[in-house]
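Have a look at entry14.txt below; it lists compact mmCIF, C-alpha atoms and all ligand atoms.
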# COMPACT_ATOMS: atom_id res chain seq x y z
CA MET M 9 9.90 11.28 -267.36
CA GLU M 10 11.96 9.98 -270.23
CA THR M 11 15.34 10.92 -271.57
CA ARG M 12 16.07 9.72 -275.10
CA ALA M 13 17.92 6.39 -275.29
CA LYS M 14 21.15 6.39 -277.32
CA THR M 15 21.28 4.92 -280.82
CA THR M 16 23.73 2.07 -281.53
CA ARG M 17 26.03 4.50 -283.29
CA GLU M 18 25.98 6.87 -280.30
CA ILE M 19 26.75 3.97 -277.92
CA LYS M 20 29.76 2.96 -280.03
CA ALA M 21 31.01 6.54 -280.12
CA ALA M 22 30.63 6.83 -276.33
CA LEU M 23 32.58 3.59 -275.77
CA ARG M 24 35.42 4.76 -278.00
CA ARG M 25 36.08 7.68 -275.67
CA TYR M 26 37.36 5.39 -272.89
CA SER M 27 39.86 2.60 -272.44
CA LYS M 28 38.63 -0.89 -271.66
CA ASP M 29 40.11 -0.62 -268.16
CA GLU M 30 38.20 2.59 -267.51
CA LEU M 31 34.93 1.04 -268.71
CA LEU M 32 35.40 -2.02 -266.51
CA ARG M 33 36.23 0.26 -263.59
CA LEU M 34 32.91 2.05 -264.07
CA HIS M 35 31.12 -1.29 -264.14
CA ASN M 36 32.84 -2.49 -260.97
CA GLU M 37 32.21 0.81 -259.21
CA MET M 38 28.48 0.62 -259.86
CA LEU M 39 28.46 -3.00 -258.76
CA LEU M 40 30.24 -2.21 -255.49
CA ILE M 41 27.71 0.52 -254.68
CA ARG M 42 24.75 -1.74 -255.49
CA ARG M 43 26.00 -4.70 -253.42
CA PHE M 44 27.17 -2.49 -250.55
CA GLU M 45 23.76 -0.82 -250.36
CA GLU M 46 21.90 -4.14 -250.53
CA LYS M 47 24.00 -5.34 -247.61
CA ALA M 48 23.41 -2.07 -245.72
CA ALA M 49 19.64 -2.60 -246.15
CA GLU M 50 20.02 -6.11 -244.75
CA MET M 51 22.02 -4.84 -241.79
CA TYR M 52 19.32 -2.26 -241.12
CA VAL M 53 16.57 -4.90 -241.12
CA ARG M 54 18.69 -6.95 -238.72
CA ALA M 55 18.73 -3.88 -236.42
CA LYS M 56 22.50 -3.54 -236.71
CA ILE M 57 22.06 0.02 -238.00
CA GLY M 58 20.03 2.62 -236.13
CA GLY M 59 18.41 5.88 -237.24
CA TYR M 60 17.72 6.48 -240.92
CA LEU M 61 19.24 4.83 -243.95
CA HIS M 62 18.92 6.32 -247.46
CA LEU M 63 20.22 4.14 -250.28
CA ASN M 64 21.74 4.88 -253.69
CA ILE M 65 20.17 1.78 -255.32
CA GLY M 66 19.09 2.75 -258.86
CA GLU M 67 21.32 5.83 -258.91
CA GLU M 68 24.67 4.06 -259.37
CA ALA M 69 25.27 5.42 -262.88
CA VAL M 70 25.05 9.00 -261.64
CA VAL M 71 27.50 8.33 -258.85
CA ALA M 72 30.07 6.31 -260.81
CA GLY M 73 29.79 8.50 -263.91
CA ALA M 74 30.22 11.76 -262.01
CA PHE M 75 32.80 10.80 -259.41
CA SER M 76 35.08 8.96 -261.84
CA ALA M 77 35.65 12.22 -263.71
CA LEU M 78 37.02 14.02 -260.63
CA GLU M 79 40.64 14.39 -259.55
CA PRO M 80 41.67 13.41 -255.98
CA ALA M 81 42.20 17.08 -255.02
CA ASP M 82 38.68 18.12 -256.06
CA TYR M 83 36.10 18.85 -253.38
CA VAL M 84 32.78 17.06 -252.91
CA PHE M 85 29.78 18.21 -250.89
CA SER M 86 26.99 15.68 -250.69
CA TYR M 87 23.77 15.00 -248.77
CA TYR M 88 22.28 12.15 -246.75
CA ARG M 89 22.06 9.66 -249.68
CA GLU M 90 25.83 9.44 -249.78
CA HIS M 91 27.15 5.96 -249.00
CA GLY M 92 27.91 5.40 -252.68
CA HIS M 93 29.47 8.85 -252.90
CA ALA M 94 31.94 7.96 -250.14
CA LEU M 95 32.80 4.65 -251.84
CA ALA M 96 33.22 6.30 -255.24
CA ARG M 97 35.45 8.92 -253.68
CA GLY M 98 37.76 6.15 -252.49
CA ALA M 99 36.73 5.78 -248.84
CA ASP M 100 37.48 2.37 -247.36
CA PRO M 101 34.25 0.26 -247.52
CA LYS M 102 35.16 -1.22 -244.13
CA ARG M 103 35.15 2.21 -242.50
CA VAL M 104 31.96 3.23 -244.30
CA MET M 105 30.14 0.12 -243.06
CA ALA M 106 31.59 0.62 -239.56
CA GLU M 107 30.24 4.18 -239.56
CA LEU M 108 26.76 2.93 -240.50
CA LEU M 109 26.94 0.61 -237.49
CA GLY M 110 28.09 3.48 -235.26
CA LYS M 111 31.44 1.86 -234.52
CA ALA M 112 34.61 3.57 -233.27
CA THR M 113 36.47 2.45 -236.43
CA GLY M 114 33.96 4.22 -238.68
CA LEU M 115 34.83 7.04 -241.05
CA CYS M 116 33.74 9.56 -238.38
CA ARG M 117 34.51 7.33 -235.41
CA GLY M 118 30.85 6.39 -235.14
CA ARG M 119 29.66 9.94 -234.56
CA GLY M 120 28.15 10.68 -237.95
CA GLY M 121 26.27 7.56 -238.99
CA SER M 122 24.62 7.03 -242.34
CA MET M 123 23.70 10.66 -243.08
CA HIS M 124 26.96 12.31 -242.07
CA LEU M 125 29.83 10.53 -243.76
CA PHE M 126 32.85 12.81 -243.83
CA ASP M 127 36.21 11.89 -245.31
CA THR M 128 38.53 14.85 -245.54
CA GLU M 129 41.37 12.60 -246.78
CA HIS M 130 39.32 12.11 -249.95
CA ARG M 131 37.91 15.63 -249.82
CA LEU M 132 34.37 14.46 -249.13
CA TYR M 133 32.85 17.21 -246.96
CA GLY M 134 29.64 15.46 -245.89
CA GLY M 135 27.06 13.93 -245.59
CA TRP M 136 24.36 16.54 -244.56
CA GLY M 137 20.87 15.83 -243.21
CA ILE M 138 19.21 19.11 -244.09
CA VAL M 139 17.91 19.39 -247.64
CA GLY M 140 19.98 21.96 -249.55
CA GLN M 141 22.39 22.38 -246.65
CA SER M 142 25.55 21.67 -248.58
CA LEU M 143 24.91 24.09 -251.46
CA PRO M 144 26.12 27.28 -249.76
CA GLN M 145 29.04 25.33 -248.31
CA ALA M 146 30.06 24.16 -251.76
CA VAL M 147 29.99 27.78 -252.86
CA GLY M 148 32.25 28.53 -249.89
CA ALA M 149 34.71 25.92 -251.17
CA GLY M 150 34.42 27.52 -254.62
CA ILE M 151 35.33 30.90 -253.12
CA TYR M 152 38.31 29.30 -251.37
CA ILE M 153 39.56 27.72 -254.62
CA ASP M 154 39.11 31.01 -256.44
CA TYR M 155 40.76 33.08 -253.70
CA THR M 156 43.79 30.81 -253.52
CA GLY M 157 44.04 30.49 -257.30
CA GLY M 158 43.66 26.69 -257.12
CA LYS M 159 42.93 24.38 -260.03
CA GLU M 160 40.48 22.21 -258.09
CA VAL M 161 36.75 22.07 -258.77
CA CYS M 162 33.96 21.51 -256.31
CA LEU M 163 31.17 19.00 -256.96
CA CYS M 164 27.94 19.67 -255.08
CA ILE M 165 25.45 16.80 -255.40
CA PHE M 166 21.84 16.94 -254.20
CA GLY M 167 18.31 15.77 -254.96
CA GLU M 168 15.72 17.64 -257.02
CA GLY M 169 13.84 18.51 -253.79
CA ALA M 170 16.74 20.78 -252.87
CA THR M 171 16.17 22.94 -255.95
CA ASP M 172 13.08 24.48 -254.35
CA ILE M 173 14.93 25.43 -251.18
CA GLY M 174 15.96 29.10 -250.82
CA ALA M 175 19.65 28.26 -250.48
CA PHE M 176 19.59 26.81 -254.02
CA GLY M 177 18.92 30.21 -255.59
CA GLU M 178 21.35 32.00 -253.30
CA SER M 179 24.09 29.50 -254.08
CA LEU M 180 23.67 29.41 -257.85
CA ASN M 181 23.45 33.18 -257.96
CA LEU M 182 26.77 33.75 -256.18
CA ALA M 183 28.52 30.92 -258.01
CA SER M 184 27.56 32.45 -261.34
CA LEU M 185 28.15 36.07 -260.31
CA TRP M 186 31.63 35.32 -258.98
CA ASN M 187 32.59 32.73 -261.63
CA LEU M 188 33.22 29.97 -259.13
CA PRO M 189 34.39 26.47 -260.16
CA VAL M 190 31.39 24.67 -258.70
CA ILE M 191 29.42 21.90 -260.41
CA PHE M 192 25.88 21.60 -259.13
CA LEU M 193 24.74 18.04 -259.88
CA CYS M 194 21.08 17.38 -259.21
CA VAL M 195 20.06 13.73 -258.98
CA ASN M 196 16.48 13.95 -260.14
CA ASN M 197 15.15 10.65 -258.83
CA GLN M 198 11.70 12.17 -259.29
CA TYR M 199 10.46 11.96 -255.70
CA ALA M 200 11.28 14.05 -252.66
CA MET M 201 10.14 11.57 -250.03
CA GLY M 202 6.56 10.89 -251.28
CA THR M 203 6.18 14.03 -253.40
CA ARG M 204 6.63 13.80 -257.16
CA PHE M 205 8.82 16.59 -258.49
CA ASP M 206 6.05 17.91 -260.75
CA GLN M 207 3.79 18.39 -257.73
CA ALA M 208 6.38 20.52 -255.96
CA SER M 209 8.32 22.37 -258.63
CA ALA M 210 6.79 24.93 -260.99
CA GLN M 211 9.72 24.31 -263.33
CA GLU M 212 9.79 20.57 -264.02
CA ALA M 213 12.95 20.72 -266.12
CA ILE M 214 15.39 21.20 -263.25
CA TRP M 215 18.29 22.06 -265.57
CA ARG M 216 16.35 25.11 -266.79
CA LYS M 217 16.61 26.67 -263.34
CA SER M 218 20.19 27.51 -264.39
CA VAL M 219 18.83 30.03 -266.90
CA ALA M 220 17.73 32.38 -264.11
CA PHE M 221 21.37 32.63 -263.04
CA ASP M 222 22.92 32.90 -266.50
CA MET M 223 24.56 29.55 -265.89
CA TYR M 224 25.14 26.57 -268.20
CA GLY M 225 22.50 23.87 -267.64
CA GLU M 226 22.08 20.38 -269.06
CA ARG M 227 19.83 17.37 -268.56
CA VAL M 228 21.43 13.96 -268.84
CA ASP M 229 20.19 10.36 -268.69
CA GLY M 230 21.11 9.35 -265.14
CA MET M 231 20.66 5.65 -265.95
CA ASP M 232 23.50 5.85 -268.49
CA VAL M 233 26.89 5.92 -266.82
CA LEU M 234 28.73 7.14 -269.93
CA ALA M 235 26.25 9.94 -270.54
CA VAL M 236 26.78 11.18 -266.98
CA ARG M 237 30.53 10.85 -267.30
CA GLN M 238 30.60 12.86 -270.51
CA ALA M 239 28.38 15.62 -269.11
CA MET M 240 30.60 15.78 -266.03
CA GLU M 241 33.71 16.09 -268.15
CA GLY M 242 32.18 19.11 -269.85
CA ALA M 243 31.20 20.66 -266.52
CA ILE M 244 34.65 20.01 -265.07
CA ARG M 245 36.34 21.65 -268.06
CA ARG M 246 34.04 24.67 -267.71
CA ALA M 247 34.88 24.90 -264.00
CA ARG M 248 38.61 24.17 -264.14
CA VAL M 249 39.52 25.99 -267.32
CA GLU M 250 36.82 28.60 -267.90
CA ARG M 251 36.01 29.18 -264.21
CA LYS M 252 32.31 28.83 -264.81
CA PRO M 253 29.80 26.87 -262.73
CA SER M 254 27.23 24.46 -264.26
CA LEU M 255 23.94 22.89 -263.27
CA LEU M 256 23.60 19.28 -264.40
CA GLU M 257 20.35 17.39 -263.96
CA ALA M 258 20.75 13.61 -264.02
CA VAL M 259 17.37 11.90 -264.38
CA ALA M 260 17.38 8.65 -262.44
CA TYR M 261 15.11 6.63 -260.18
CA ARG M 262 15.51 5.19 -256.71
CA TYR M 263 14.21 1.63 -256.72
CA VAL M 264 13.71 1.60 -252.97
CA GLY M 265 11.86 3.85 -250.54
CA HIS M 266 13.10 7.30 -249.59
CA SER M 267 14.67 5.65 -246.55
CA MET M 268 14.33 2.19 -245.09
CA ALA M 269 11.30 3.47 -243.16
CA ASP M 270 9.37 4.24 -246.37
CA PRO M 271 7.18 1.50 -247.93
CA GLY M 272 6.80 3.67 -251.07
CA LEU M 273 3.00 3.53 -251.28
CA TYR M 274 2.86 6.70 -253.41
CA ARG M 275 4.01 4.97 -256.61
CA THR M 276 2.93 1.86 -258.48
CA SER M 277 4.96 -1.32 -258.80
CA GLN M 278 4.52 -0.98 -262.59
CA GLU M 279 6.33 2.36 -262.49
CA VAL M 280 9.17 0.93 -260.41
CA ASP M 281 9.43 -2.12 -262.68
CA ALA M 282 9.51 0.05 -265.80
CA TRP M 283 12.52 1.93 -264.44
CA LYS M 284 14.22 -1.31 -263.44
CA GLN M 285 14.09 -2.26 -267.12
CA ARG M 286 16.57 0.56 -267.61
CA ASP M 287 18.86 -0.70 -264.85
CA PRO M 288 22.22 1.07 -265.15
CA ILE M 289 24.31 -2.00 -264.32
CA THR M 290 22.42 -4.59 -266.40
CA ASN M 291 22.29 -2.30 -269.41
CA PHE M 292 25.92 -1.25 -269.20
CA ARG M 293 26.91 -4.91 -268.91
CA GLN M 294 24.95 -5.69 -272.04
CA ILE M 295 26.69 -2.86 -273.90
CA LEU M 296 30.11 -4.09 -272.75
CA LYS M 297 29.21 -7.66 -273.71
CA GLU M 298 28.13 -6.65 -277.20
CA ALA M 299 31.37 -4.72 -277.58
CA GLY M 300 33.29 -7.85 -276.57
CA MET M 301 34.74 -6.19 -273.48
CA ILE M 302 33.26 -8.42 -270.82
CA ASP M 303 31.95 -11.98 -270.71
CA ASP M 304 30.00 -14.06 -268.20
CA ARG M 305 33.16 -15.39 -266.59
CA GLN M 306 34.47 -11.85 -265.95
CA ILE M 307 31.09 -10.75 -264.63
CA LYS M 308 31.11 -13.68 -262.20
CA ALA M 309 34.62 -12.79 -261.11
CA ALA M 310 33.62 -9.13 -260.57
CA GLU M 311 30.59 -10.22 -258.53
CA GLU M 312 32.77 -12.47 -256.39
CA GLU M 313 35.36 -9.77 -255.82
CA VAL M 314 32.72 -7.24 -254.79
CA ALA M 315 30.97 -9.81 -252.57
CA GLY M 316 34.31 -10.35 -250.82
CA ILE M 317 34.82 -6.61 -250.26
CA VAL M 318 31.31 -6.21 -248.84
CA ALA M 319 31.62 -9.30 -246.62
CA GLY M 320 34.97 -7.97 -245.37
CA ALA M 321 33.36 -4.62 -244.60
CA VAL M 322 30.59 -6.29 -242.57
CA GLU M 323 33.04 -8.48 -240.69
CA PHE M 324 35.23 -5.48 -239.85
CA ALA M 325 32.25 -3.38 -238.76
CA GLU M 326 30.68 -6.10 -236.64
CA SER M 327 33.91 -6.99 -234.87
CA SER M 328 34.77 -3.33 -234.17
CA PRO M 329 34.04 -1.76 -230.76
CA TYR M 330 31.50 0.99 -230.15
CA PRO M 331 33.00 4.36 -229.16
CA SER M 332 33.74 4.44 -225.47
CA PRO M 333 31.50 6.53 -223.19
CA GLU M 334 34.60 8.43 -222.04
CA ASP M 335 34.94 9.87 -225.57
CA LEU M 336 31.52 11.54 -225.42
CA PRO M 337 32.85 15.05 -224.68
CA LEU M 338 35.29 14.91 -227.63
CA ASP M 339 34.61 16.81 -230.86
CA ILE M 340 31.97 19.10 -229.38
CA TYR M 341 32.13 22.85 -228.96
CA ALA M 342 30.84 23.06 -225.40
CA PRO M 343 33.68 23.56 -222.89
C1 LIG B 401 15.15 21.72 -244.92
C2 LIG B 401 14.60 20.36 -244.81
N1 LIG B 401 13.27 20.16 -245.04
C3 LIG B 401 12.75 18.90 -244.96
C4 LIG B 401 13.55 17.85 -244.65
C5 LIG B 401 12.96 16.45 -244.59
N2 LIG B 401 13.40 15.73 -245.80
C6 LIG B 401 14.44 14.87 -245.73
S1 LIG B 401 14.79 14.22 -247.22
C7 LIG B 401 13.56 15.06 -247.98
C8 LIG B 401 13.31 14.88 -249.44
C9 LIG B 401 14.38 15.47 -250.30
O1 LIG B 401 14.27 14.96 -251.61
P1 LIG B 401 15.37 15.23 -252.70
O2 LIG B 401 16.06 16.52 -252.43
O3 LIG B 401 14.72 15.09 -254.02
O4 LIG B 401 16.46 14.08 -252.50
P2 LIG B 401 16.25 12.49 -252.44
O5 LIG B 401 15.96 12.15 -251.01
O6 LIG B 401 15.13 12.17 -253.37
O7 LIG B 401 17.52 11.91 -252.88
C10 LIG B 401 12.88 15.83 -247.07
C11 LIG B 401 11.72 16.70 -247.40
C12 LIG B 401 14.92 18.08 -244.41
N3 LIG B 401 15.77 17.09 -244.10
N4 LIG B 401 15.42 19.33 -244.53

Would you put the structure from the file into structure tokens?
Ligand SMILES: Cc1ncc(C[n+]2csc(CCOP(=O)(O)OP(=O)(O)O)c2C)c(N)n1
Amino acid sequence: METRAKTTREIKAALRRYSKDELLRLHNEMLLIRRFEEKAAEMYVRAKIGGYLHLNIGEEAVVAGAFSALEPADYVFSYYREHGHALARGADPKRVMAELLGKATGLCRGRGGSMHLFDTEHRLYGGWGIVGQSLPQAVGAGIYIDYTGGKEVCLCIFGEGATDIGAFGESLNLASLWNLPVIFLCVNNQYAMGTRFDQASAQEAIWRKSVAFDMYGERVDGMDVLAVRQAMEGAIRRARVERKPSLLEAVAYRYVGHSMADPGLYRTSQEVDAWKQRDPITNFRQILKEAGMIDDRQIKAAEEEVAGIVAGAVEFAESSPYPSPEDLPLDIYAP
């Protein structure tokens, strides 16, 4: 599936919308997510991480573009492919890595693991393992904002597989009916585990599913960080000012398997390589270079800084203790 690439004139216009600092921040954010996830994969292979591990590699532009447009007080409801979401929300990489390793210093004190990152300080409300699980909860947050007359918005981010789950229709219906400030952001990475979206969804254009609920819908190039950012800004304005929800579909591609357990035999290496040609970080770097905003020396410095952050996160996680067995009864409902 293709989204139209921008013309040179459109690229220049997009760049003009942001300061150089903001553009470099987007670059560094994507880089941190990529390098963090590569290291998480390595830690998984070294059996330092148990259970499942779903990576954001290839989807960095969606994450950085969308999350950078939010305010600290806004709410985020995510799913199990959420390490990058936690980082982009401002969670400490050390505590994210420690959580992946199940350590007591982790974001959820080692109780959540990869799929259940929660960080209420940064208003990240999961981390959910069930497909579509967070959509009704995001609507709940929207009702809360509306009821209390708040100015916050709620971002609900999920994969295209979730759009064929019953809760999707229920959630979009209520959000539209009650004019809730919720942004439904679908990361269409084109596969739900091994199933291509067009084999599972009668409506292949995910954004069009908004029409059934009289809601604004838009498809955006999820490999283009500025395109995502701009679409998010529109959705945020609609939510914050007009009190209207939106459905955004960001078309992207995960370079790696569904989880670390997936060898990805359902797609060809040519297909994967073709999408890697549109790599969000490499291409954004090239755009910044041509605009004279970054050079090789600055790229090297950014790589070194990010490598240091990731190495620090691993060191912290590895040297942290596991939760103590005495803490097992904590945080559970049973008396
Ligand atoms: C209700 C439910 N059904 C099935 C599963 C098993 N499952 C886990 S991830 C997944 C694929 C979801 O794909 P998508 O929503 O497109 O997100 P992606 O993993 O591609 O980011 C499935 C079927 C689940 N976790 N929950």

> Residues within 9 Å of ligand LIG 401 (chain B) (only C-alpha atoms and all ligand atoms), as a VMD selection string?
Replying inline: chain M and resid 62 to 64 87 to 89 136 to 141 166 to 173 194 to 205 261 to 262 266 to 267

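The coordinates place atom CA of M:Glu90 at 7.9 Å from atom CA of M:Ser122.
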
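Residue nearest M:Gly177, chosen from M:Asp222, M:Asp270, M:Asp229, M:Glu37 and counting all atoms listed in the file: M:Asp222.
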
> Interatomic distance between atom CA of M:Glu250 and atom CA of M:Phe192?
Replying inline: 15.7 Å

> Any idea what's packed within 12 Å of M:Asp287, counting only C-alpha atoms, ignoring anything in its chain fewer than 2 positions away? Could you give it as JSON, numbers by chain?
Replying inline: {"M": [38, 39, 42, 65, 66, 67, 68, 69, 70, 229, 230, 231, 232, 233, 260, 261, 262, 263, 280, 281, 282, 283, 284, 285, 289, 290, 291, 292, 293, 294]}

Listed atoms of stretch 14-18 of chain M, axis-aligned box, 3 Å per side: centre and edge lengths to one decimal in Å, as JSON?
{"center_x": 23.6, "center_y": 4.5, "center_z": -280.3, "size_x": 10.9, "size_y": 10.8, "size_z": 12.0}

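Pairwise distance (atom CA of M:Ala72, atom CA of M:Ala96) equals 6.4 Å.
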
>> Quick one: residues within 12 Å of stretch 333-336 of chain M, all atoms listed in the file, excluding same-chain residues fewer than 2 positions away - as a ChimeraX atom specification?
In response: /M:112,117-119,329-331,338-342

Pull the closest atom pair for each residue of stretch 206-295 of chain M that gets at most 8 Å from stretch 178-185 of chain M, along with the distance in Å to one decimal, counting all atoms listed in the file, ordering rows by chain and then ascending residue number, as JSON lines.
{"residue": "M:Ser218", "atom": "CA", "partner": "M:Leu180", "partner_atom": "CA", "distance": 7.6}
{"residue": "M:Phe221", "atom": "CA", "partner": "M:Asn181", "partner_atom": "CA", "distance": 5.5}
{"residue": "M:Asp222", "atom": "CA", "partner": "M:Ser184", "partner_atom": "CA", "distance": 7.0}
{"residue": "M:Met223", "atom": "CA", "partner": "M:Ser184", "partner_atom": "CA", "distance": 6.2}
{"residue": "M:Lys252", "atom": "CA", "partner": "M:Ser184", "partner_atom": "CA", "distance": 6.9}
{"residue": "M:Pro253", "atom": "CA", "partner": "M:Ser184", "partner_atom": "CA", "distance": 6.2}

Counting only C-alpha atoms, which residues of stretch 232-318 of chain M sit at most 8 Å from some atom of stretch 9-25 of chain M, and what is each one's closest atom pair with its distance in Å to one decimal, listed by chain and rising residue number, as JSON lines?
{"residue": "M:Leu234", "atom": "CA", "partner": "M:Ala22", "partner_atom": "CA", "distance": 6.7}
{"residue": "M:Ala235", "atom": "CA", "partner": "M:Ala22", "partner_atom": "CA", "distance": 7.9}
{"residue": "M:Val259", "atom": "CA", "partner": "M:Thr11", "partner_atom": "CA", "distance": 7.5}
{"residue": "M:Ile295", "atom": "CA", "partner": "M:Ile19", "partner_atom": "CA", "distance": 7.9}
